[in-house]
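K.L.:
Sending over final.csv (CSV, C-alpha atoms and all ligand atoms).
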chain,number,residue,atom,x,y,z
A,19,MET,CA,0.0,0.0,0.0
A,20,THR,CA,1.3,3.5,-0.9
A,21,ARG,CA,2.6,5.3,2.2
A,22,HIS,CA,2.2,9.0,2.8
A,23,PHE,CA,3.6,11.5,5.2
A,24,LEU,CA,0.6,13.7,6.2
A,25,ALA,CA,1.1,13.9,9.9
A,26,ASP,CA,4.1,13.2,12.2
A,27,ASP,CA,2.6,9.9,13.5
A,28,ASP,CA,2.3,8.5,10.0
A,29,LEU,CA,5.8,7.2,10.9
A,30,THR,CA,6.0,4.9,13.8
A,31,PRO,CA,8.7,5.7,16.4
A,32,ALA,CA,11.0,3.0,14.8
A,33,GLU,CA,10.3,4.4,11.3
A,34,GLN,CA,11.0,7.9,12.4
A,35,ALA,CA,14.4,6.8,13.7
A,36,GLU,CA,15.0,5.0,10.4
A,37,VAL,CA,14.2,8.2,8.4
A,38,LEU,CA,16.4,10.3,10.7
A,39,ALA,CA,19.3,7.9,10.3
A,40,LEU,CA,18.8,8.1,6.5
A,41,ALA,CA,18.7,11.9,6.7
A,42,ALA,CA,22.1,11.9,8.5
A,43,ALA,CA,23.6,9.5,6.0
A,44,LEU,CA,22.3,11.6,3.1
A,45,LYS,CA,23.7,14.8,4.7
A,46,ALA,CA,27.1,13.1,5.0
A,47,ASP,CA,27.0,12.1,1.4
A,48,PRO,CA,24.6,14.4,-0.4
A,49,PHE,CA,25.1,13.1,-3.9
A,50,GLY,CA,25.8,9.5,-3.0
A,51,ALA,CA,22.3,8.1,-3.5
A,52,LYS,CA,20.1,8.7,-6.5
A,53,PRO,CA,16.9,6.9,-5.7
A,54,LEU,CA,14.8,9.2,-7.8
A,55,ASP,CA,17.1,8.9,-10.8
A,56,GLY,CA,14.4,8.1,-13.4
A,57,PRO,CA,14.1,10.9,-13.1
A,58,VAL,CA,11.1,10.7,-10.8
A,59,THR,CA,9.0,13.9,-11.1
A,60,VAL,CA,7.9,15.3,-7.8
A,61,ALA,CA,5.0,17.8,-8.0
A,62,MET,CA,5.3,20.6,-5.5
A,63,ILE,CA,2.2,22.7,-4.8
A,64,PHE,CA,2.1,25.7,-2.6
A,65,ASP,CA,-1.2,27.3,-1.6
A,66,LYS,CA,0.6,29.4,1.1
A,67,PRO,CA,3.8,31.4,1.1
A,68,THR,CA,7.1,29.5,1.2
A,69,LEU,CA,10.8,30.0,1.1
A,70,ARG,CA,12.6,27.2,2.9
A,71,THR,CA,10.2,24.6,1.9
A,72,GLN,CA,10.2,25.3,-1.8
A,73,ALA,CA,14.0,25.8,-1.9
A,74,SER,CA,14.8,22.7,0.2
A,75,PHE,CA,12.5,20.4,-1.6
A,76,ALA,CA,13.6,21.6,-5.0
A,77,ALA,CA,17.3,21.3,-4.1
A,78,GLY,CA,16.8,18.0,-2.4
A,79,ILE,CA,14.8,16.4,-5.2
A,80,ALA,CA,17.5,17.5,-7.7
A,81,GLU,CA,20.2,16.0,-5.4
A,82,LEU,CA,18.3,12.7,-5.4
A,83,GLY,CA,18.2,12.7,-9.2
A,84,GLY,CA,14.5,13.6,-9.4
A,85,HIS,CA,12.8,16.5,-11.1
A,86,PRO,CA,10.9,19.1,-9.1
A,87,MET,CA,7.7,20.2,-10.8
A,88,LEU,CA,6.4,23.4,-9.3
A,89,ILE,CA,2.6,23.9,-9.5
A,90,ASP,CA,1.2,27.3,-8.6
A,91,GLY,CA,-1.6,26.5,-6.2
A,92,ALA,CA,-3.6,29.6,-7.1
A,93,LEU,CA,-3.3,29.0,-10.8
A,94,ALA,CA,-4.4,25.4,-10.5
A,95,GLY,CA,-7.3,26.3,-8.2
A,96,ILE,CA,-7.3,23.1,-6.3
A,97,GLY,CA,-10.6,22.5,-4.7
A,98,LYS,CA,-12.1,25.5,-6.5
A,99,ARG,CA,-11.5,25.1,-10.3
A,100,GLU,CA,-11.6,21.3,-9.9
A,101,SER,CA,-11.9,19.0,-6.9
A,102,VAL,CA,-9.0,17.8,-4.8
A,103,ALA,CA,-9.8,14.2,-5.9
A,104,ASP,CA,-9.6,15.1,-9.6
A,105,VAL,CA,-6.4,17.0,-9.1
A,106,ALA,CA,-5.0,14.0,-7.2
A,107,ARG,CA,-5.9,11.6,-10.0
A,108,VAL,CA,-4.3,13.8,-12.6
A,109,LEU,CA,-1.1,14.6,-10.8
A,110,GLY,CA,-0.8,10.9,-9.8
A,111,ARG,CA,-0.5,10.1,-13.5
A,112,GLN,CA,2.2,12.8,-14.1
A,113,ALA,CA,4.3,12.7,-11.0
A,114,GLY,CA,5.8,10.0,-8.8
A,115,GLN,CA,5.3,11.9,-5.6
A,116,ILE,CA,3.3,14.9,-4.5
A,117,VAL,CA,4.4,17.6,-2.0
A,118,TRP,CA,1.6,19.9,-0.9
A,119,ARG,CA,1.4,23.0,1.4
A,120,THR,CA,-2.2,23.9,2.0
A,121,TYR,CA,-4.7,24.8,4.6
A,122,GLY,CA,-6.9,21.9,5.7
A,123,GLN,CA,-5.6,18.5,6.8
A,124,ASP,CA,-8.8,17.0,5.3
A,125,ALA,CA,-7.7,18.3,1.9
A,126,ILE,CA,-4.3,16.6,2.0
A,127,GLU,CA,-5.9,13.4,3.2
A,128,GLU,CA,-8.2,13.5,0.2
A,129,MET,CA,-5.2,14.1,-2.1
A,130,ALA,CA,-3.5,11.0,-0.6
A,131,ALA,CA,-6.7,9.0,-1.0
A,132,TYR,CA,-6.9,9.6,-4.7
A,133,SER,CA,-3.4,10.2,-6.0
A,134,GLY,CA,-2.0,6.6,-6.1
A,135,VAL,CA,1.4,8.1,-5.3
A,136,PRO,CA,3.0,9.2,-2.1
A,137,VAL,CA,1.9,12.5,-0.7
A,138,VAL,CA,4.0,14.6,1.6
A,139,ASN,CA,2.6,17.3,3.9
A,140,ALA,CA,4.7,20.5,3.4
A,141,LEU,CA,2.6,22.3,6.0
A,142,THR,CA,-1.1,22.4,6.7
A,143,ASP,CA,-3.0,24.3,9.4
A,144,GLU,CA,-2.7,21.2,11.6
A,145,PHE,CA,0.8,19.8,11.1
A,146,HIS,CA,4.3,20.6,9.8
A,147,PRO,CA,5.9,17.2,9.9
A,148,CYS,CA,8.8,17.8,7.5
A,149,GLN,CA,10.0,20.7,9.8
A,150,LEU,CA,9.9,18.3,12.7
A,151,LEU,CA,12.2,15.8,11.1
A,152,ALA,CA,14.6,18.6,10.3
A,153,ASP,CA,14.3,19.8,13.9
A,154,LEU,CA,14.9,16.3,15.3
A,155,LEU,CA,18.0,15.8,13.0
A,156,THR,CA,19.3,19.2,14.3
A,157,ILE,CA,18.8,18.3,17.9
A,158,SER,CA,20.5,14.9,17.5
A,159,GLU,CA,23.5,16.6,15.8
A,160,HIS,CA,23.9,19.1,18.7
A,161,LYS,CA,22.9,16.8,21.6
A,162,GLY,CA,23.9,13.4,20.3
A,163,GLU,CA,20.5,11.9,21.3
A,164,LEU,CA,16.8,12.6,21.4
A,165,ALA,CA,15.2,10.3,23.9
A,166,GLY,CA,14.9,11.8,27.4
A,167,LEU,CA,15.6,15.4,26.4
A,168,LYS,CA,13.3,18.2,27.6
A,169,VAL,CA,11.9,20.3,24.8
A,170,VAL,CA,9.8,23.3,25.4
A,171,PHE,CA,7.6,24.9,22.7
A,172,LEU,CA,6.6,28.5,23.6
A,173,GLY,CA,3.8,30.7,22.4
A,174,ASP,CA,1.1,29.5,19.9
A,175,ALA,CA,1.2,25.9,20.9
A,176,ALA,CA,-2.1,25.3,19.1
A,177,CYS,CA,-0.5,25.9,15.7
A,178,ASN,CA,0.8,23.3,13.3
A,179,MET,CA,4.2,23.4,15.0
A,180,GLY,CA,2.8,22.8,18.5
A,181,ASN,CA,0.8,19.8,17.2
A,182,SER,CA,3.7,18.4,15.3
A,183,TRP,CA,6.0,18.8,18.3
A,184,ALA,CA,3.5,16.9,20.5
A,185,LEU,CA,3.4,13.9,18.1
A,186,ALA,CA,7.0,13.9,16.8
A,187,GLY,CA,8.6,14.7,20.1
A,188,ALA,CA,6.6,11.9,21.8
A,189,SER,CA,7.7,9.5,19.0
A,190,ALA,CA,11.3,10.4,19.7
A,191,GLY,CA,10.9,9.7,23.4
A,192,MET,CA,11.4,13.3,24.4
A,193,HIS,CA,9.7,15.2,27.2
A,194,VAL,CA,7.7,17.8,25.3
A,195,VAL,CA,6.3,20.8,27.2
A,196,LEU,CA,3.9,23.0,25.4
A,197,SER,CA,3.6,26.5,26.9
A,198,GLY,CA,1.0,28.9,25.8
A,199,PRO,CA,-1.9,30.8,27.3
A,200,ASP,CA,-5.5,29.5,27.3
A,201,GLY,CA,-6.7,29.2,23.7
A,202,TYR,CA,-3.2,28.6,22.4
A,203,GLN,CA,-2.7,25.0,23.5
A,204,PRO,CA,-3.2,21.9,21.5
A,205,SER,CA,-6.6,20.2,21.7
A,206,ASP,CA,-7.2,17.6,24.4
A,207,ALA,CA,-7.6,15.1,21.5
A,208,MET,CA,-4.1,16.0,20.2
A,209,VAL,CA,-2.5,15.7,23.6
A,210,GLU,CA,-4.1,12.3,24.1
A,211,ARG,CA,-2.9,11.2,20.7
A,212,ALA,CA,0.6,12.3,21.6
A,213,ARG,CA,0.5,10.7,25.0
A,214,ALA,CA,-0.5,7.4,23.6
A,215,ILE,CA,2.7,7.5,21.5
A,216,ALA,CA,4.8,8.7,24.5
A,217,ALA,CA,3.5,5.7,26.6
A,218,GLY,CA,5.4,3.4,24.2
A,219,THR,CA,8.6,5.5,23.9
A,220,GLY,CA,9.2,6.7,27.5
A,221,GLY,CA,8.5,10.3,26.5
A,222,SER,CA,5.9,12.6,27.8
A,223,VAL,CA,3.7,15.5,26.7
A,224,SER,CA,2.6,18.2,29.1
A,225,ILE,CA,1.0,21.6,29.0
A,226,GLU,CA,2.4,24.4,31.2
A,227,GLY,CA,0.8,27.8,31.2
A,228,ASP,CA,3.7,29.5,33.0
A,229,PRO,CA,6.6,30.1,30.5
A,230,SER,CA,9.3,30.3,33.3
A,231,ALA,CA,8.1,27.0,34.8
A,232,ALA,CA,8.0,25.5,31.3
A,233,VAL,CA,11.6,26.5,30.4
A,234,ALA,CA,13.2,25.5,33.7
A,235,GLY,CA,15.9,22.9,33.0
A,236,ALA,CA,15.1,22.6,29.3
A,237,ASP,CA,17.5,21.2,26.8
A,238,VAL,CA,15.8,22.7,23.8
A,239,VAL,CA,13.7,25.9,23.6
A,240,ILE,CA,11.6,26.5,20.6
A,241,THR,CA,9.2,29.1,19.4
A,242,ASP,CA,7.3,30.0,16.2
A,243,THR,CA,5.6,33.1,14.8
A,244,TRP,CA,2.6,34.2,16.8
A,245,VAL,CA,0.6,34.8,13.6
A,246,SER,CA,0.7,31.7,11.4
A,247,MET,CA,-0.2,31.9,7.7
A,248,GLY,CA,-3.9,32.3,7.4
A,249,LYS,CA,-4.3,34.0,10.9
A,250,GLU,CA,-3.4,37.5,9.8
A,251,ASP,CA,-6.8,38.9,10.7
A,252,GLU,CA,-6.1,37.9,14.3
A,253,ALA,CA,-2.7,39.5,14.5
A,254,ALA,CA,-3.4,42.3,17.0
A,255,ALA,CA,-5.1,40.0,19.5
A,256,ARG,CA,-2.4,37.4,19.1
A,257,LEU,CA,0.5,39.8,19.6
A,258,ALA,CA,-1.1,41.0,22.8
A,259,GLU,CA,-2.1,37.7,24.3
A,260,LEU,CA,1.2,35.9,23.5
A,261,ALA,CA,3.5,38.7,24.6
A,262,PRO,CA,4.3,37.0,28.0
A,263,TYR,CA,5.7,34.1,26.1
A,264,GLN,CA,8.4,36.0,24.2
A,265,LEU,CA,11.6,33.9,24.1
A,266,ASN,CA,14.2,36.4,25.5
A,267,ALA,CA,17.4,36.2,27.4
A,268,ALA,CA,15.8,36.4,30.8
A,269,LEU,CA,13.5,33.5,30.0
A,270,LEU,CA,16.2,31.4,28.4
A,271,ALA,CA,18.4,31.9,31.5
A,272,GLY,CA,16.1,29.4,33.2
A,273,ALA,CA,17.0,26.6,30.7
A,274,LYS,CA,20.1,24.5,31.0
A,275,PRO,CA,23.2,26.5,30.2
A,276,ASP,CA,23.9,24.4,27.1
A,277,ALA,CA,20.2,24.6,25.9
A,278,ILE,CA,19.8,25.2,22.2
A,279,VAL,CA,17.2,27.6,20.7
A,280,MET,CA,15.2,26.7,17.6
A,281,HIS,CA,12.8,28.5,15.3
A,282,CYS,CA,11.3,27.2,12.1
A,283,LEU,CA,11.4,30.7,10.5
A,284,PRO,CA,10.3,33.1,9.3
A,285,ALA,CA,11.1,34.9,12.7
A,286,TYR,CA,9.8,38.2,13.9
A,287,ARG,CA,12.6,39.7,16.1
A,288,GLY,CA,11.1,41.6,19.0
A,289,LYS,CA,7.9,39.7,18.9
A,290,GLU,CA,8.0,35.9,19.6
A,291,ILE,CA,11.8,36.0,20.1
A,292,THR,CA,14.4,38.7,20.7
A,293,ALA,CA,17.2,39.4,18.2
A,294,GLU,CA,19.6,38.7,21.0
A,295,VAL,CA,18.4,35.1,21.4
A,296,LEU,CA,17.7,34.4,17.7
A,297,ASP,CA,21.1,35.6,16.6
A,298,GLY,CA,22.9,34.5,19.8
A,299,PRO,CA,25.3,31.7,20.6
A,300,GLN,CA,22.6,29.2,21.7
A,301,SER,CA,20.6,29.5,18.4
A,302,VAL,CA,20.9,26.6,15.9
A,303,ILE,CA,18.4,28.1,13.4
A,304,TRP,CA,20.6,28.0,10.3
A,305,ASP,CA,21.5,24.3,10.9
A,306,GLU,CA,17.7,23.8,11.3
A,307,ALA,CA,16.9,25.5,8.0
A,308,GLU,CA,19.6,23.5,6.2
A,309,ASN,CA,18.4,20.3,7.6
A,310,ARG,CA,15.0,20.7,5.9
A,311,ARG,CA,16.7,19.5,2.7
A,312,HIS,CA,18.4,16.5,4.3
A,313,ALA,CA,15.3,15.4,6.2
A,314,GLN,CA,13.0,15.8,3.2
A,315,LYS,CA,15.4,13.9,1.0
A,316,ALA,CA,15.1,11.0,3.5
A,317,VAL,CA,11.3,11.1,3.5
A,318,LEU,CA,11.1,11.2,-0.3
A,319,THR,CA,13.6,8.3,-0.5
A,320,TRP,CA,11.8,6.3,2.2
A,321,LEU,CA,8.4,6.7,0.6
A,322,HIS,CA,9.7,6.0,-2.9
A,323,GLU,CA,11.2,2.7,-1.7
A,324,ARG,CA,7.8,1.7,-0.3
A,325,ARG,CA,5.5,2.9,-3.1
A,401,LIG,N1,3.2,28.1,12.2
A,401,LIG,C1,3.8,28.8,11.1
A,401,LIG,C2,4.9,27.9,10.5
A,401,LIG,C3,5.7,28.6,9.4
A,401,LIG,C4,6.7,27.7,8.8
A,401,LIG,C5,2.7,29.0,10.0
A,401,LIG,O1,1.9,28.1,9.8
A,401,LIG,O2,2.7,30.1,9.4
Starting from the file, give its structure as structure tokens.
P.N.:
Amino acid sequence: MTRHFLADDDLTPAEQAEVLALAAALKADPFGAKPLDGPVTVAMIFDKPTLRTQASFAAGIAELGGHPMLIDGALAGIGKRESVADVARVLGRQAGQIVWRTYGQDAIEEMAAYSGVPVVNALTDEFHPCQLLADLLTISEHKGELAGLKVVFLGDAACNMGNSWALAGASAGMHVVLSGPDGYQPSDAMVERARAIAAGTGGSVSIEGDPSAAVAGADVVITDTWVSMGKEDEAAARLAELAPYQLNAALLAGAKPDAIVMHCLPAYRGKEITAEVLDGPQSVIWDEAENRRHAQKAVLTWLHERR
């Protein structure tokens, strides 16, 4: 059966470890494997803005010997001009894999149901699983391990990154603390879904409203924009409500002295994170951005081998 990567827990904990090991191997030898050397065409569709995702997928697909085919989501009018199912059937006849950044998780699930080829989530409102693989690769490079580390996600923990951290961090056996005010925390269903995974890996998932308590003793401190794509109308309220969760030097001082700081970017200095921290010695954001390519190459390779 065709495998897809639509949410972080589409990979079991063992499969996640396998993909991360493959990512590390591909990073060490970027041009050594050419699994898509057909070349396999990979359709990339973006319904939301992108920089890192488009660049890292295009470069990574080329390095794998494949061909990146960029589809303009607005021009294609997916779900408007023609149904998601019809687009899926058509693209599945042209491309060997489909990478899609869109809004609803239900839409990407529909794409996967009808495409006949692997579909990869390049960000939806609900999840950002490729980013999480890049983040886990980055943490393992800096810390040498994943299981047992305390990871804190600050701010809008109800966004795609918060959800993905709950699931992927639990899969990696980490202790994930999600810290945001009321209304900015993952749903109970999401927390339960993550805790069910953590029960099998020795990890944990908790919610902590107090950012200082959350960050205490952390190995990794992460934040994300307070205004995710599609939430622009709520910007003023979000900036006000999330202000106490800014990742600044005073807050970071409560983490372990060797804690690393991560941000999936784009970052808004002076809002969710200060310039001092984002551009400071504990920040690993450029490694994190680079690792998108290596992690995604591993996902595409892994899915291609199981198509
Ligand atoms: N939560 C952010 C992630 C950006 C990569 C958003 O959805 O805009």
K.L.:
Could you tell me, counting only C-alpha atoms and all ligand atoms, which protein and nucleic acid residues lie no more than 8 Å from ligand LIG 401 (chain A), written as a list in words?
P.N.:
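Checked against 8 Å with only C-alpha atoms and all ligand atoms; the hits are Thr68, Leu141, Thr142, Asp143, His146, Gln149, Cys177, Asn178, Met179, Asp242, Thr243, Trp244, Val245, Ser246, Met247, Gly248, Cys282, Leu283 and Pro284 of chain A.
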K.L.:
Taking a cut-off of 12 Å and counting only C-alpha atoms, can you build a table that, for each residue of stretch 19-126 of chain A near stretch 151-170 of chain A, reports the nearest atom pair and how far apart they are in Å (one decimal), sorted by chain then residue number, as JSON lines?
P.N.:
{"residue": "A:Phe23", "atom": "CA", "partner": "A:Leu151", "partner_atom": "CA", "distance": 11.3}
{"residue": "A:Ala25", "atom": "CA", "partner": "A:Leu151", "partner_atom": "CA", "distance": 11.3}
{"residue": "A:Asp26", "atom": "CA", "partner": "A:Leu151", "partner_atom": "CA", "distance": 8.6}
{"residue": "A:Asp27", "atom": "CA", "partner": "A:Leu151", "partner_atom": "CA", "distance": 11.5}
{"residue": "A:Leu29", "atom": "CA", "partner": "A:Leu151", "partner_atom": "CA", "distance": 10.7}
{"residue": "A:Pro31", "atom": "CA", "partner": "A:Ala165", "partner_atom": "CA", "distance": 10.9}
{"residue": "A:Glu33", "atom": "CA", "partner": "A:Leu151", "partner_atom": "CA", "distance": 11.6}
{"residue": "A:Gln34", "atom": "CA", "partner": "A:Leu151", "partner_atom": "CA", "distance": 8.1}
{"residue": "A:Ala35", "atom": "CA", "partner": "A:Leu151", "partner_atom": "CA", "distance": 9.6}
{"residue": "A:Glu36", "atom": "CA", "partner": "A:Leu151", "partner_atom": "CA", "distance": 11.2}
{"residue": "A:Val37", "atom": "CA", "partner": "A:Leu151", "partner_atom": "CA", "distance": 8.3}
{"residue": "A:Leu38", "atom": "CA", "partner": "A:Leu155", "partner_atom": "CA", "distance": 6.2}
{"residue": "A:Ala39", "atom": "CA", "partner": "A:Leu155", "partner_atom": "CA", "distance": 8.4}
{"residue": "A:Leu40", "atom": "CA", "partner": "A:Leu155", "partner_atom": "CA", "distance": 10.1}
{"residue": "A:Ala41", "atom": "CA", "partner": "A:Leu155", "partner_atom": "CA", "distance": 7.4}
{"residue": "A:Ala42", "atom": "CA", "partner": "A:Leu155", "partner_atom": "CA", "distance": 7.2}
{"residue": "A:Ala43", "atom": "CA", "partner": "A:Leu155", "partner_atom": "CA", "distance": 11.0}
{"residue": "A:Leu44", "atom": "CA", "partner": "A:Leu155", "partner_atom": "CA", "distance": 11.6}
{"residue": "A:Lys45", "atom": "CA", "partner": "A:Leu155", "partner_atom": "CA", "distance": 10.1}
{"residue": "A:Ala46", "atom": "CA", "partner": "A:Glu159", "partner_atom": "CA", "distance": 11.9}
{"residue": "A:Arg70", "atom": "CA", "partner": "A:Ala152", "partner_atom": "CA", "distance": 11.5}
{"residue": "A:Thr71", "atom": "CA", "partner": "A:Ala152", "partner_atom": "CA", "distance": 11.2}
{"residue": "A:Ser74", "atom": "CA", "partner": "A:Ala152", "partner_atom": "CA", "distance": 10.9}
K.L.:
Restricting the calculation to all atoms listed in the file: of A:Ala271, A:Thr241, A:Ala214, A:Gly227, which residue gets closest to A:Trp183?
P.N.:
A:Thr241
K.L.:
Kindly indicate which residue among A:Gly180, A:Pro275, A:Gly187, A:Gly220 lies nearest to A:Tyr202, using only C-alpha atoms for the distances.
P.N.:
A:Gly180
K.L.:
Select all residues near (-2.8, 12.8, 3.2) (cut-off 7 Å, inclusive, file coordinates), counting all atoms listed in the file, and output them as a ChimeraX atom specification.
P.N.:
/A:22-24,126-131,137
K.L.:
Determine the nearest neighbour of A:Met280 from the options A:Glu81, A:Glu306, A:Glu144, A:Glu259, counting all atoms listed in the file.
P.N.:
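Among A:Glu81, A:Glu306, A:Glu144, A:Glu259, it is A:Glu306 that comes nearest to A:Met280.
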K.L.:
Determine the nearest neighbour of A:Ala255 from the options A:Gly95, A:Gly122, A:Gly56, A:Gly201, counting only C-alpha atoms.
P.N.:
A:Gly201
K.L.:
Select, from A:Ala76, A:Gly84, A:Asn181, A:Ala176, the residue with the minimum atom-to-atom distance to A:Asp55, counting all atoms listed in the file.
P.N.:
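Among the listed residues, the smallest separation from A:Asp55 belongs to A:Gly84.
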K.L.:
List the residues sitting within 7 Å of (18.1, 31.2, 24.3) in the file's frame, using all atoms listed in the file, as a PyMOL selection string.
P.N.:
chain A and resi 239+266-267+270+278-279+295+300-301
K.L.:
Between atom CA of A:Ala307 and atom CA of A:Pro204, what is the distance, to one decimal in Å?
P.N.:
24.5 Å
K.L.:
Could you add whatever atoms are missing so that stretch 235-247 of chain A carries N, CA and C atoms, then write the result as a PDB file, keeping the file's coordinate frame?
P.N.:
ATOM      1  N   GLY A 235      15.152  24.135  33.223  1.00  0.00           N
ATOM      2  CA  GLY A 235      15.900  22.900  33.000  1.00  0.00           C
ATOM      3  C   GLY A 235      15.781  22.347  31.573  1.00  0.00           C
ATOM      4  N   ALA A 236      15.300  23.141  30.632  1.00  0.00           N
ATOM      5  CA  ALA A 236      15.100  22.600  29.300  1.00  0.00           C
ATOM      6  C   ALA A 236      16.407  22.413  28.528  1.00  0.00           C
ATOM      7  N   ASP A 237      16.406  21.404  27.665  1.00  0.00           N
ATOM      8  CA  ASP A 237      17.500  21.200  26.800  1.00  0.00           C
ATOM      9  C   ASP A 237      17.373  21.904  25.436  1.00  0.00           C
ATOM     10  N   VAL A 238      16.124  22.077  25.048  1.00  0.00           N
ATOM     11  CA  VAL A 238      15.800  22.700  23.800  1.00  0.00           C
ATOM     12  C   VAL A 238      14.636  23.663  23.986  1.00  0.00           C
ATOM     13  N   VAL A 239      14.766  24.892  23.515  1.00  0.00           N
ATOM     14  CA  VAL A 239      13.700  25.900  23.600  1.00  0.00           C
ATOM     15  C   VAL A 239      13.318  26.342  22.233  1.00  0.00           C
ATOM     16  N   ILE A 240      12.033  26.235  21.924  1.00  0.00           N
ATOM     17  CA  ILE A 240      11.600  26.500  20.600  1.00  0.00           C
ATOM     18  C   ILE A 240      10.427  27.477  20.590  1.00  0.00           C
ATOM     19  N   THR A 241      10.392  28.336  19.580  1.00  0.00           N
ATOM     20  CA  THR A 241       9.200  29.100  19.400  1.00  0.00           C
ATOM     21  C   THR A 241       8.896  29.243  17.901  1.00  0.00           C
ATOM     22  N   ASP A 242       7.812  29.902  17.589  1.00  0.00           N
ATOM     23  CA  ASP A 242       7.300  30.000  16.200  1.00  0.00           C
ATOM     24  C   ASP A 242       6.592  31.368  16.148  1.00  0.00           C
ATOM     25  N   THR A 243       6.328  31.820  14.948  1.00  0.00           N
ATOM     26  CA  THR A 243       5.600  33.100  14.800  1.00  0.00           C
ATOM     27  C   THR A 243       4.268  32.994  15.608  1.00  0.00           C
ATOM     28  N   TRP A 244       3.849  34.156  16.079  1.00  0.00           N
ATOM     29  CA  TRP A 244       2.600  34.200  16.800  1.00  0.00           C
ATOM     30  C   TRP A 244       1.399  34.351  15.825  1.00  0.00           C
ATOM     31  N   VAL A 245       1.710  34.627  14.560  1.00  0.00           N
ATOM     32  CA  VAL A 245       0.600  34.800  13.600  1.00  0.00           C
ATOM     33  C   VAL A 245       0.926  33.886  12.379  1.00  0.00           C
ATOM     34  N   SER A 246       0.443  32.668  12.494  1.00  0.00           N
ATOM     35  CA  SER A 246       0.700  31.700  11.400  1.00  0.00           C
ATOM     36  C   SER A 246      -0.049  32.118  10.156  1.00  0.00           C
ATOM     37  N   MET A 247       0.432  31.582   9.036  1.00  0.00           N
ATOM     38  CA  MET A 247      -0.200  31.900   7.700  1.00  0.00           C
ATOM     39  C   MET A 247      -1.660  31.539   7.767  1.00  0.00           C
TER      40      MET A 247
END
